[in-house]
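A.B. asks: One file is attached below, protein04.cif, containing mmCIF, C-alpha atoms and all ligand atoms.
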```cif
data_run
#
loop_
_atom_site.label_atom_id
_atom_site.label_comp_id
_atom_site.auth_asym_id
_atom_site.auth_seq_id
_atom_site.Cartn_x
_atom_site.Cartn_y
_atom_site.Cartn_z
CA MET A 776 -47.79 -0.10 -26.62
CA LEU A 777 -51.53 -0.65 -26.81
CA PRO A 778 -53.43 -1.87 -23.73
CA PHE A 779 -54.88 -4.75 -25.78
CA LYS A 780 -53.94 -7.02 -28.68
CA LEU A 781 -54.48 -6.61 -32.40
CA VAL A 782 -54.96 -9.76 -34.43
CA TYR A 783 -53.56 -9.82 -37.96
CA HIS A 784 -52.35 -12.31 -40.56
CA GLU A 785 -50.59 -11.43 -43.80
CA ARG A 786 -52.95 -13.79 -45.65
CA TYR A 787 -56.11 -11.92 -44.65
CA ASP A 788 -56.21 -10.50 -48.20
CA LEU A 789 -59.27 -11.97 -49.94
CA ASN A 790 -57.49 -12.10 -53.32
CA LEU A 791 -60.25 -10.27 -55.15
CA GLY A 792 -58.24 -8.30 -57.70
CA PRO A 793 -60.06 -5.19 -58.95
CA HIS A 794 -63.28 -5.23 -56.92
CA VAL A 795 -65.38 -2.73 -54.95
CA PHE A 796 -64.21 -4.59 -51.82
CA PRO A 797 -60.68 -3.22 -51.26
CA SER A 798 -59.22 -6.50 -50.03
CA GLN A 799 -55.80 -4.92 -49.69
CA LYS A 800 -57.27 -2.87 -46.81
CA PHE A 801 -56.23 -5.45 -44.23
CA ARG A 802 -52.55 -5.04 -45.08
CA LEU A 803 -52.87 -1.25 -45.41
CA ILE A 804 -54.43 -0.96 -41.93
CA TYR A 805 -51.67 -3.12 -40.48
CA GLU A 806 -48.96 -1.04 -42.15
CA MET A 807 -50.58 2.26 -41.16
CA LEU A 808 -50.86 1.22 -37.49
CA LEU A 809 -47.11 0.60 -37.48
CA HIS A 810 -46.24 3.61 -39.65
CA GLU A 811 -48.14 6.06 -37.43
CA GLY A 812 -46.69 4.55 -34.27
CA ILE A 813 -50.12 3.56 -32.96
CA ALA A 814 -48.88 -0.01 -32.56
CA THR A 815 -45.61 -1.93 -32.55
CA GLN A 816 -44.96 -5.53 -33.59
CA LYS A 817 -45.45 -6.57 -29.97
CA ASP A 818 -49.09 -5.47 -30.09
CA PHE A 819 -49.96 -8.07 -32.72
CA LEU A 820 -51.07 -11.66 -32.42
CA CYS A 821 -51.09 -13.99 -35.41
CA PRO A 822 -54.14 -16.28 -35.63
CA ASN A 823 -54.40 -19.89 -36.69
CA PRO A 824 -57.19 -20.78 -39.09
CA ALA A 825 -60.38 -21.81 -37.30
CA SER A 826 -60.64 -25.58 -36.95
CA ASP A 827 -63.31 -27.49 -38.85
CA GLU A 828 -64.91 -28.24 -35.48
CA ASP A 829 -65.17 -24.49 -34.84
CA ILE A 830 -66.64 -23.81 -38.29
CA LEU A 831 -69.21 -26.59 -37.91
CA ARG A 832 -70.71 -25.07 -34.77
CA VAL A 833 -72.23 -22.52 -37.17
CA HIS A 834 -72.01 -23.84 -40.73
CA THR A 835 -73.29 -26.96 -42.45
CA VAL A 836 -70.96 -29.80 -43.47
CA ASN A 837 -72.15 -29.31 -47.03
CA TRP A 838 -71.17 -25.60 -47.19
CA MET A 839 -67.80 -26.23 -45.54
CA HIS A 840 -67.09 -29.03 -48.01
CA LYS A 841 -68.05 -26.89 -51.01
CA LEU A 842 -65.76 -24.09 -49.89
CA LYS A 843 -62.86 -26.44 -49.25
CA THR A 844 -63.20 -28.31 -52.52
CA GLY A 845 -64.19 -25.43 -54.77
CA THR A 846 -67.48 -27.05 -55.75
CA LEU A 847 -69.83 -24.09 -55.33
CA THR A 848 -72.57 -23.86 -57.94
CA ALA A 849 -72.67 -20.88 -60.27
CA SER A 850 -75.62 -19.43 -58.35
CA GLU A 851 -73.78 -19.84 -55.04
CA VAL A 852 -70.80 -17.89 -56.43
CA MET A 853 -73.19 -15.23 -57.73
CA LEU A 854 -74.79 -14.85 -54.30
CA LEU A 855 -71.34 -14.59 -52.71
CA GLU A 856 -70.48 -11.74 -55.11
CA VAL A 857 -66.75 -12.41 -54.94
CA PRO A 858 -64.69 -14.72 -57.14
CA TYR A 859 -63.92 -18.09 -55.59
CA SER A 860 -60.27 -18.91 -54.93
CA LYS A 861 -58.20 -21.05 -52.59
CA GLU A 862 -56.79 -17.81 -51.18
CA LEU A 863 -60.30 -16.57 -50.36
CA VAL A 864 -61.03 -19.78 -48.45
CA GLU A 865 -57.74 -19.55 -46.57
CA ALA A 866 -58.46 -15.89 -45.73
CA VAL A 867 -61.94 -16.52 -44.32
CA TRP A 868 -60.74 -19.46 -42.22
CA LEU A 869 -58.00 -17.18 -40.87
CA ALA A 870 -60.54 -14.38 -40.29
CA ALA A 871 -62.67 -16.76 -38.21
CA GLY A 872 -59.59 -17.88 -36.27
CA GLY A 873 -58.71 -14.21 -35.82
CA THR A 874 -62.10 -13.29 -34.41
CA ILE A 875 -61.86 -16.25 -32.01
CA LEU A 876 -58.44 -14.96 -30.90
CA ALA A 877 -59.78 -11.40 -30.55
CA GLY A 878 -62.62 -12.73 -28.41
CA GLN A 879 -60.22 -14.67 -26.21
CA SER A 880 -58.01 -11.59 -25.91
CA ALA A 881 -61.02 -9.46 -24.99
CA VAL A 882 -61.97 -11.83 -22.20
CA ARG A 883 -58.43 -11.54 -20.86
CA ASP A 884 -57.64 -7.85 -21.54
CA GLY A 885 -61.03 -6.13 -21.83
CA PHE A 886 -60.52 -5.43 -25.55
CA GLY A 887 -59.37 -7.44 -28.54
CA ALA A 888 -59.36 -6.35 -32.17
CA ASN A 889 -59.33 -8.50 -35.27
CA LEU A 890 -58.09 -6.55 -38.30
CA SER A 891 -60.45 -8.59 -40.48
CA GLY A 892 -63.81 -10.28 -39.95
CA GLY A 893 -67.30 -8.96 -39.51
CA PHE A 894 -68.53 -11.18 -42.36
CA HIS A 895 -72.11 -10.77 -41.20
CA HIS A 896 -73.95 -11.80 -44.38
CA ALA A 897 -72.81 -15.45 -44.21
CA TYR A 898 -75.52 -18.01 -43.41
CA PRO A 899 -74.99 -21.55 -42.09
CA GLY A 900 -75.44 -23.14 -45.51
CA HIS A 901 -74.44 -20.45 -47.99
CA GLY A 902 -72.48 -17.23 -48.40
CA GLU A 903 -73.73 -13.81 -49.44
CA GLY A 904 -72.49 -10.29 -50.04
CA PHE A 905 -68.70 -10.96 -49.87
CA CYS A 906 -69.16 -13.16 -46.74
CA ALA A 907 -68.41 -16.92 -46.86
CA ILE A 908 -67.86 -17.79 -43.19
CA HIS A 909 -69.55 -15.98 -40.29
CA ASP A 910 -66.47 -15.33 -38.16
CA VAL A 911 -68.33 -13.60 -35.31
CA ALA A 912 -70.81 -16.45 -34.91
CA VAL A 913 -67.96 -18.99 -35.04
CA ALA A 914 -66.14 -17.05 -32.31
CA ILE A 915 -69.20 -16.78 -30.08
CA ARG A 916 -69.89 -20.51 -30.37
CA LYS A 917 -66.24 -21.32 -29.67
CA LEU A 918 -66.06 -19.12 -26.55
CA GLN A 919 -69.32 -20.61 -25.31
CA ALA A 920 -68.06 -24.16 -25.96
CA ASP A 921 -64.89 -23.39 -24.00
CA GLY A 922 -66.91 -21.96 -21.10
CA ALA A 923 -65.26 -18.54 -21.51
CA VAL A 924 -68.63 -16.78 -21.90
CA LYS A 925 -72.28 -17.65 -21.60
CA LYS A 926 -74.14 -14.68 -23.08
CA ALA A 927 -72.94 -12.57 -26.00
CA ILE A 928 -74.23 -9.45 -27.72
CA VAL A 929 -73.45 -8.47 -31.29
CA VAL A 930 -73.56 -4.75 -32.07
CA ASP A 931 -73.47 -4.43 -35.85
CA THR A 932 -72.90 -0.93 -37.21
CA ASP A 933 -72.18 -1.85 -40.81
CA VAL A 934 -74.45 0.14 -43.15
CA HIS A 935 -75.95 -3.15 -44.34
CA HIS A 936 -78.27 -5.22 -42.19
CA GLY A 937 -76.65 -8.17 -40.38
CA ASN A 938 -78.86 -10.78 -42.00
CA GLY A 939 -76.61 -13.79 -41.40
CA THR A 940 -76.18 -12.90 -37.73
CA ALA A 941 -79.93 -12.46 -37.30
CA ALA A 942 -80.68 -15.79 -38.96
CA ILE A 943 -78.05 -17.74 -37.02
CA PHE A 944 -79.08 -16.45 -33.59
CA ARG A 945 -82.78 -15.93 -34.19
CA ASN A 946 -83.89 -18.60 -31.72
CA ASP A 947 -80.91 -18.39 -29.38
CA SER A 948 -81.72 -16.80 -26.03
CA MET A 949 -78.01 -16.58 -25.14
CA VAL A 950 -77.09 -14.23 -28.00
CA PHE A 951 -78.62 -10.76 -28.42
CA THR A 952 -78.22 -9.02 -31.77
CA ILE A 953 -78.46 -5.32 -32.62
CA SER A 954 -78.16 -4.12 -36.20
CA ILE A 955 -78.17 -0.44 -37.15
CA HIS A 956 -78.27 -0.06 -40.92
CA GLN A 957 -79.73 1.85 -43.83
CA GLU A 958 -83.21 0.45 -44.38
CA ASN A 959 -83.22 0.99 -48.16
CA ASN A 960 -80.12 -1.03 -48.88
CA TYR A 961 -78.83 -4.58 -49.29
CA PRO A 962 -79.90 -7.19 -48.24
CA ALA A 963 -83.45 -7.17 -49.59
CA HIS A 964 -84.53 -9.81 -47.07
CA LYS A 965 -83.73 -8.80 -43.50
CA PRO A 966 -84.56 -11.52 -40.96
CA PRO A 967 -85.25 -9.89 -37.58
CA SER A 968 -82.38 -9.14 -35.21
CA SER A 969 -83.20 -8.81 -31.50
CA ILE A 970 -83.23 -5.06 -32.25
CA ASP A 971 -83.22 -3.64 -35.74
CA LEU A 972 -82.56 0.09 -36.05
CA ASN A 973 -83.69 0.97 -39.57
CA MET A 974 -82.17 4.29 -40.58
CA PRO A 975 -83.57 6.51 -43.34
CA ASP A 976 -81.42 7.50 -46.32
CA ARG A 977 -78.80 10.14 -45.56
CA ALA A 978 -79.19 9.96 -41.78
CA ASP A 979 -76.41 12.05 -40.22
CA ASP A 980 -74.16 11.70 -37.15
CA ASP A 981 -76.65 13.10 -34.65
CA GLU A 982 -79.61 11.13 -35.91
CA TYR A 983 -77.59 7.91 -36.00
CA LEU A 984 -75.96 8.24 -32.57
CA GLY A 985 -79.25 9.39 -31.07
CA VAL A 986 -80.77 6.05 -32.05
CA LEU A 987 -77.81 3.70 -31.55
CA ILE A 988 -76.43 4.66 -28.16
CA PRO A 989 -79.69 4.52 -26.15
CA ALA A 990 -80.44 1.12 -27.72
CA VAL A 991 -77.00 -0.25 -26.77
CA HIS A 992 -77.35 1.25 -23.28
CA ARG A 993 -80.71 -0.46 -22.69
CA ALA A 994 -79.67 -3.77 -24.22
CA LEU A 995 -76.53 -4.01 -22.08
CA ASP A 996 -78.52 -3.19 -18.92
CA GLU A 997 -81.24 -5.70 -19.67
CA PHE A 998 -79.33 -8.56 -21.30
CA GLN A 999 -76.11 -8.28 -19.28
CA PRO A 1000 -73.84 -10.09 -21.76
CA ASP A 1001 -70.43 -11.54 -20.90
CA ILE A 1002 -68.92 -10.16 -24.11
CA LEU A 1003 -69.74 -7.66 -26.87
CA PHE A 1004 -68.75 -8.42 -30.45
CA TYR A 1005 -68.54 -5.23 -32.49
CA VAL A 1006 -69.06 -5.32 -36.25
CA GLY A 1007 -67.57 -1.92 -36.97
CA GLY A 1008 -68.43 -1.19 -40.57
CA ALA A 1009 -66.77 1.80 -42.21
CA ASP A 1010 -69.56 1.99 -44.78
CA PRO A 1011 -72.04 4.35 -43.02
CA TYR A 1012 -69.53 7.00 -44.14
CA CYS A 1013 -71.03 9.78 -46.29
CA GLU A 1014 -68.72 9.03 -49.23
CA ASP A 1015 -69.21 5.29 -49.29
CA GLN A 1016 -69.99 3.76 -52.68
CA LEU A 1017 -72.32 1.06 -51.32
CA GLY A 1018 -73.87 3.06 -48.49
CA GLY A 1019 -76.47 5.81 -48.36
CA LEU A 1020 -75.98 7.29 -44.89
CA SER A 1021 -74.21 10.57 -44.18
CA LEU A 1022 -71.91 9.95 -41.24
CA THR A 1023 -68.63 11.83 -41.02
CA LYS A 1024 -65.30 10.33 -39.99
CA ALA A 1025 -65.60 12.15 -36.65
CA GLY A 1026 -69.13 10.82 -36.20
CA LEU A 1027 -67.99 7.26 -36.90
CA LYS A 1028 -65.24 7.57 -34.32
CA GLN A 1029 -67.80 8.90 -31.83
CA ARG A 1030 -69.97 5.89 -32.62
CA ASP A 1031 -67.14 3.48 -31.82
CA ARG A 1032 -66.12 5.36 -28.71
CA GLN A 1033 -69.61 5.61 -27.27
CA VAL A 1034 -70.40 1.93 -27.84
CA PHE A 1035 -67.10 0.95 -26.23
CA GLU A 1036 -67.77 3.26 -23.27
CA GLU A 1037 -71.16 1.69 -22.68
CA ALA A 1038 -69.51 -1.73 -22.53
CA ARG A 1039 -66.47 -0.66 -20.55
CA ARG A 1040 -68.51 1.05 -17.84
CA ARG A 1041 -70.22 -2.29 -17.27
CA LYS A 1042 -66.93 -4.25 -17.45
CA ILE A 1043 -68.08 -6.09 -20.54
CA PRO A 1044 -65.17 -7.21 -22.78
CA VAL A 1045 -65.28 -5.95 -26.37
CA ALA A 1046 -63.99 -7.80 -29.44
CA THR A 1047 -63.95 -5.71 -32.62
CA THR A 1048 -64.07 -6.75 -36.28
CA LEU A 1049 -63.86 -4.60 -39.42
CA ALA A 1050 -66.78 -5.50 -41.74
CA GLY A 1051 -67.43 -3.32 -44.82
CA GLY A 1052 -65.97 -0.08 -46.12
CA TYR A 1053 -66.15 1.09 -49.73
CA ALA A 1054 -65.23 4.75 -49.62
CA ARG A 1055 -64.35 6.32 -52.96
CA ARG A 1056 -60.89 6.94 -51.53
CA VAL A 1057 -59.53 3.77 -49.92
CA GLU A 1058 -57.51 5.90 -47.50
CA ASP A 1059 -60.80 7.08 -45.95
CA THR A 1060 -61.82 3.46 -45.29
CA ILE A 1061 -58.40 2.79 -43.74
CA ARG A 1062 -58.67 5.91 -41.56
CA ILE A 1063 -62.15 4.97 -40.30
CA HIS A 1064 -60.95 1.47 -39.34
CA LEU A 1065 -57.84 2.93 -37.65
CA ASN A 1066 -60.08 5.26 -35.69
CA THR A 1067 -61.90 2.24 -34.26
CA ILE A 1068 -58.59 1.07 -32.78
CA LEU A 1069 -57.86 4.57 -31.48
CA ALA A 1070 -61.34 4.80 -29.93
CA ALA A 1071 -60.74 1.49 -28.16
CA GLN A 1072 -57.37 2.75 -26.93
CA GLU A 1073 -58.91 5.97 -25.59
CA VAL A 1074 -61.69 4.12 -23.81
CA ALA A 1075 -59.32 1.50 -22.38
CA GLU A 1076 -57.12 4.28 -21.00
CA SER A 1077 -60.07 6.32 -19.67
CA TYR A 1078 -61.55 3.30 -17.91
CA PRO A 1079 -58.48 1.30 -16.93
CA GLN A 1080 -60.19 -1.50 -15.07
CA ARG A 1081 -59.80 -5.03 -16.29
CA SER A 1082 -62.89 -6.84 -17.49
CA SER A 1083 -64.96 -8.76 -14.99
CA MET A 1084 -64.04 -11.95 -16.82
CA GLY A 1085 -60.28 -11.35 -16.65
CA VAL A 1086 -57.80 -11.83 -13.89
ZN ZN B 1 -71.61 -3.34 -45.35
#
```
So that I can check it, write out the structure of this file as structure tokens.
C.D. replies:
Amino acid sequence: MLPFKLVYHERYDLNLGPHVFPSQKFRLIYEMLLHEGIATQKDFLCPNPASDEDILRVHTVNWMHKLKTGTLTASEVMLLEVPYSKELVEAVWLAAGGTILAGQSAVRDGFGANLSGGFHHAYPGHGEGFCAIHDVAVAIRKLQADGAVKKAIVVDTDVHHGNGTAAIFRNDSMVFTISIHQENNYPAHKPPSSIDLNMPDRADDDEYLGVLIPAVHRALDEFQPDILFYVGGADPYCEDQLGGLSLTKAGLKQRDRQVFEEARRRKIPVATTLAGGYARRVEDTIRIHLNTILAAQEVAESYPQRSSMGV
């Protein structure tokens, strides 16, 4: 049994059909965790969809209404880059509920993992780049509203810049944002995060970790957050179709492990989300996401103290 909870819902699938985003990955990760004996049914929590009140702490009434009623304009669908469907809307509401639940679990157990989420390109009033609802921002606002946390940090390791996150929290002194990404990649417009680590094309494991870990170390020391939300993209992988960095699977696991260790040493709870992953072989994407769970398990077992926020 894992020392923390995994959050999963069978309707996480974004219903995209043939698409570069392998939306069946959510189910495949769930099945693989069980198949390999990493987790049992008892390790899973099933989320409710986020409430409209939760969504509206981040998003505009207008955007929420358009998503719910299927009244996006053609240009809004184009910007979203995924086909609109009722199932997509249901999935992103569940993803936001799942990231809330992972955050609540992290506060209680030290770690919590949503097997979806990390939709970091969503803005308050529109969606972009496969992201309709910014689940991490919704979760941060919800935990703050409930008094569970005051200060949060977002560590975003997806190969693409976390533009939605940066825009949402730009003037918020209670949320610190770090994005490490390939500079010459989507999105073209990158509003400033608290720290942006712009990596050159084909940066490898050593170069990447040599930049990321000291930045996380310093930010945690200086900002002293009550929770860390991890956007654990699988797309810095060397064989990713939408990425141009050269990390290996072992390097990506090191990345996860070292970020989690930095948090755990300081008793900062960690909530993880998946974000992107477009490896030529979908099994590589699945493996990289599974390794994030294994890294969390290893760190939780190496540093067995409960979080400072827990009982
Ligand atoms: Zn990405």
A.B. asks: Within 6 Å of ligand ZN 1 (chain B), counting only C-alpha atoms and all ligand atoms: which residues, as a list in words?
C.D. replies: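 If we count only C-alpha atoms and all ligand atoms, the neighbours of ligand ZN 1 (chain B) turn out to be Asp933, Val934, His935, Asp1010 and Gly1051 of chain A.
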A.B. asks: Could you please determine the separation between atom CA of Cys1013 of chain A and atom CA of Leu781 of chain A in Å, to one decimal place?
C.D. replies: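 Separating atom CA of Cys1013 of chain A from atom CA of Leu781 of chain A is a distance of 27.1 Å.
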A.B. asks: Which residues, written as a list in words, have at least one atom at most 8 Å from Val950 of chain A, with only C-alpha atoms counted and residues fewer than 6 positions away on the same chain left out?
C.D. replies: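 These residues fall inside the cut-off: Lys926, Ala927, Ile928, Val929 and Phe944 of chain A.
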A.B. asks: Let me make sure I understand: among A:Asp827, A:Asp818, A:Asp1059, A:Glu1076, which one has the smallest atom-to-atom distance to Lys800 of chain A if we use all atoms listed in the file?
C.D. replies: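 Under the stated criterion, the closest residue is A:Asp1059.
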A.B. asks: Between atom CA of Tyr983 of chain A and atom CA of Tyr1053 of chain A, what is the distance in Å, rounded to a tenth?
C.D. replies: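 Rounded to one decimal, the two atoms are 19.1 Å apart.
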A.B. asks: Atom CA of Thr1060 of chain A and atom CA of Gly1008 of chain A, how far apart in Å?
C.D. replies: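 Between these atoms lies a distance of 9.4 Å.
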A.B. asks: Fewer than 5 positions away in the same chain doesn't count, so skip those; otherwise give me all residues within 8 Å of segment 870-878 of chain A, counting all atoms listed in the file, as a ChimeraX atom specification.
C.D. replies: /A:780-783,787,821-826,886-889,891-892,908-911,913-915,917-918,1004,1045-1048
A.B. asks: Could you add whatever atoms are missing so that segment 902-925 of chain A carries N, CA, C and O atoms, then write the result as a JSON list (two decimals), keeping the file's coordinate frame?
C.D. replies:
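Okay, this is what ended up in result-v5.json:
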```json
[["chain", "number", "residue", "atom", "x", "y", "z"],
["A", 902, "GLY", "N", -73.09, -18.54, -48.60],
["A", 902, "GLY", "CA", -72.48, -17.23, -48.40],
["A", 902, "GLY", "C", -73.24, -16.18, -49.18],
["A", 902, "GLY", "O", -73.94, -16.50, -50.13],
["A", 903, "GLU", "N", -73.09, -14.93, -48.76],
["A", 903, "GLU", "CA", -73.73, -13.81, -49.44],
["A", 903, "GLU", "C", -72.87, -12.57, -49.29],
["A", 903, "GLU", "O", -72.15, -12.43, -48.29],
["A", 904, "GLY", "N", -73.03, -11.65, -50.23],
["A", 904, "GLY", "CA", -72.49, -10.29, -50.04],
["A", 904, "GLY", "C", -71.05, -10.24, -49.52],
["A", 904, "GLY", "O", -70.78, -9.56, -48.53],
["A", 905, "PHE", "N", -70.15, -10.94, -50.18],
["A", 905, "PHE", "CA", -68.70, -10.96, -49.87],
["A", 905, "PHE", "C", -68.40, -11.77, -48.61],
["A", 905, "PHE", "O", -67.27, -11.73, -48.10],
["A", 906, "CYS", "N", -69.36, -12.48, -48.03],
["A", 906, "CYS", "CA", -69.16, -13.16, -46.74],
["A", 906, "CYS", "C", -69.37, -14.67, -46.89],
["A", 906, "CYS", "O", -70.50, -15.11, -47.17],
["A", 907, "ALA", "N", -68.32, -15.46, -46.69],
["A", 907, "ALA", "CA", -68.41, -16.92, -46.86],
["A", 907, "ALA", "C", -68.56, -17.64, -45.53],
["A", 907, "ALA", "O", -69.27, -18.64, -45.43],
["A", 908, "ILE", "N", -67.85, -17.16, -44.52],
["A", 908, "ILE", "CA", -67.86, -17.79, -43.19],
["A", 908, "ILE", "C", -68.17, -16.70, -42.16],
["A", 908, "ILE", "O", -67.56, -15.63, -42.18],
["A", 909, "HIS", "N", -69.13, -16.98, -41.29],
["A", 909, "HIS", "CA", -69.55, -15.98, -40.29],
["A", 909, "HIS", "C", -68.61, -16.05, -39.09],
["A", 909, "HIS", "O", -68.85, -16.76, -38.12],
["A", 910, "ASP", "N", -67.53, -15.26, -39.18],
["A", 910, "ASP", "CA", -66.47, -15.33, -38.16],
["A", 910, "ASP", "C", -66.98, -14.99, -36.75],
["A", 910, "ASP", "O", -66.55, -15.61, -35.77],
["A", 911, "VAL", "N", -67.86, -14.01, -36.65],
["A", 911, "VAL", "CA", -68.33, -13.60, -35.31],
["A", 911, "VAL", "C", -69.16, -14.72, -34.67],
["A", 911, "VAL", "O", -68.98, -15.04, -33.49],
["A", 912, "ALA", "N", -70.01, -15.34, -35.45],
["A", 912, "ALA", "CA", -70.81, -16.45, -34.91],
["A", 912, "ALA", "C", -69.90, -17.62, -34.51],
["A", 912, "ALA", "O", -70.10, -18.24, -33.45],
["A", 913, "VAL", "N", -68.90, -17.90, -35.36],
["A", 913, "VAL", "CA", -67.96, -18.99, -35.04],
["A", 913, "VAL", "C", -67.25, -18.69, -33.72],
["A", 913, "VAL", "O", -67.10, -19.57, -32.86],
["A", 914, "ALA", "N", -66.85, -17.44, -33.54],
["A", 914, "ALA", "CA", -66.14, -17.05, -32.31],
["A", 914, "ALA", "C", -67.04, -17.15, -31.08],
["A", 914, "ALA", "O", -66.63, -17.64, -30.03],
["A", 915, "ILE", "N", -68.27, -16.70, -31.23],
["A", 915, "ILE", "CA", -69.20, -16.78, -30.08],
["A", 915, "ILE", "C", -69.41, -18.24, -29.67],
["A", 915, "ILE", "O", -69.31, -18.59, -28.49],
["A", 916, "ARG", "N", -69.66, -19.09, -30.67],
["A", 916, "ARG", "CA", -69.89, -20.51, -30.37],
["A", 916, "ARG", "C", -68.65, -21.17, -29.74],
["A", 916, "ARG", "O", -68.76, -22.02, -28.86],
["A", 917, "LYS", "N", -67.50, -20.76, -30.21],
["A", 917, "LYS", "CA", -66.24, -21.32, -29.67],
["A", 917, "LYS", "C", -66.05, -20.89, -28.20],
["A", 917, "LYS", "O", -65.73, -21.71, -27.34],
["A", 918, "LEU", "N", -66.24, -19.60, -27.93],
["A", 918, "LEU", "CA", -66.06, -19.12, -26.55],
["A", 918, "LEU", "C", -67.09, -19.75, -25.62],
["A", 918, "LEU", "O", -66.77, -20.06, -24.46],
["A", 919, "GLN", "N", -68.30, -19.93, -26.12],
["A", 919, "GLN", "CA", -69.32, -20.61, -25.31],
["A", 919, "GLN", "C", -68.92, -22.07, -25.06],
["A", 919, "GLN", "O", -69.04, -22.56, -23.94],
["A", 920, "ALA", "N", -68.44, -22.75, -26.10],
["A", 920, "ALA", "CA", -68.06, -24.16, -25.96],
["A", 920, "ALA", "C", -66.92, -24.33, -24.96],
["A", 920, "ALA", "O", -66.86, -25.33, -24.23],
["A", 921, "ASP", "N", -66.03, -23.34, -24.93],
["A", 921, "ASP", "CA", -64.89, -23.39, -24.00],
["A", 921, "ASP", "C", -65.26, -22.93, -22.59],
["A", 921, "ASP", "O", -64.42, -22.93, -21.69],
["A", 922, "GLY", "N", -66.50, -22.45, -22.41],
["A", 922, "GLY", "CA", -66.91, -21.96, -21.10],
["A", 922, "GLY", "C", -66.36, -20.58, -20.76],
["A", 922, "GLY", "O", -66.42, -20.15, -19.61],
["A", 923, "ALA", "N", -65.82, -19.88, -21.76],
["A", 923, "ALA", "CA", -65.26, -18.54, -21.51],
["A", 923, "ALA", "C", -66.35, -17.50, -21.35],
["A", 923, "ALA", "O", -66.16, -16.50, -20.65],
["A", 924, "VAL", "N", -67.47, -17.67, -22.04],
["A", 924, "VAL", "CA", -68.63, -16.78, -21.90],
["A", 924, "VAL", "C", -69.91, -17.61, -21.97],
["A", 924, "VAL", "O", -69.90, -18.72, -22.51],
["A", 925, "LYS", "N", -70.96, -17.04, -21.43],
["A", 925, "LYS", "CA", -72.28, -17.65, -21.60],
["A", 925, "LYS", "C", -73.10, -16.82, -22.59],
["A", 925, "LYS", "O", -73.54, -17.30, -23.59]]
```
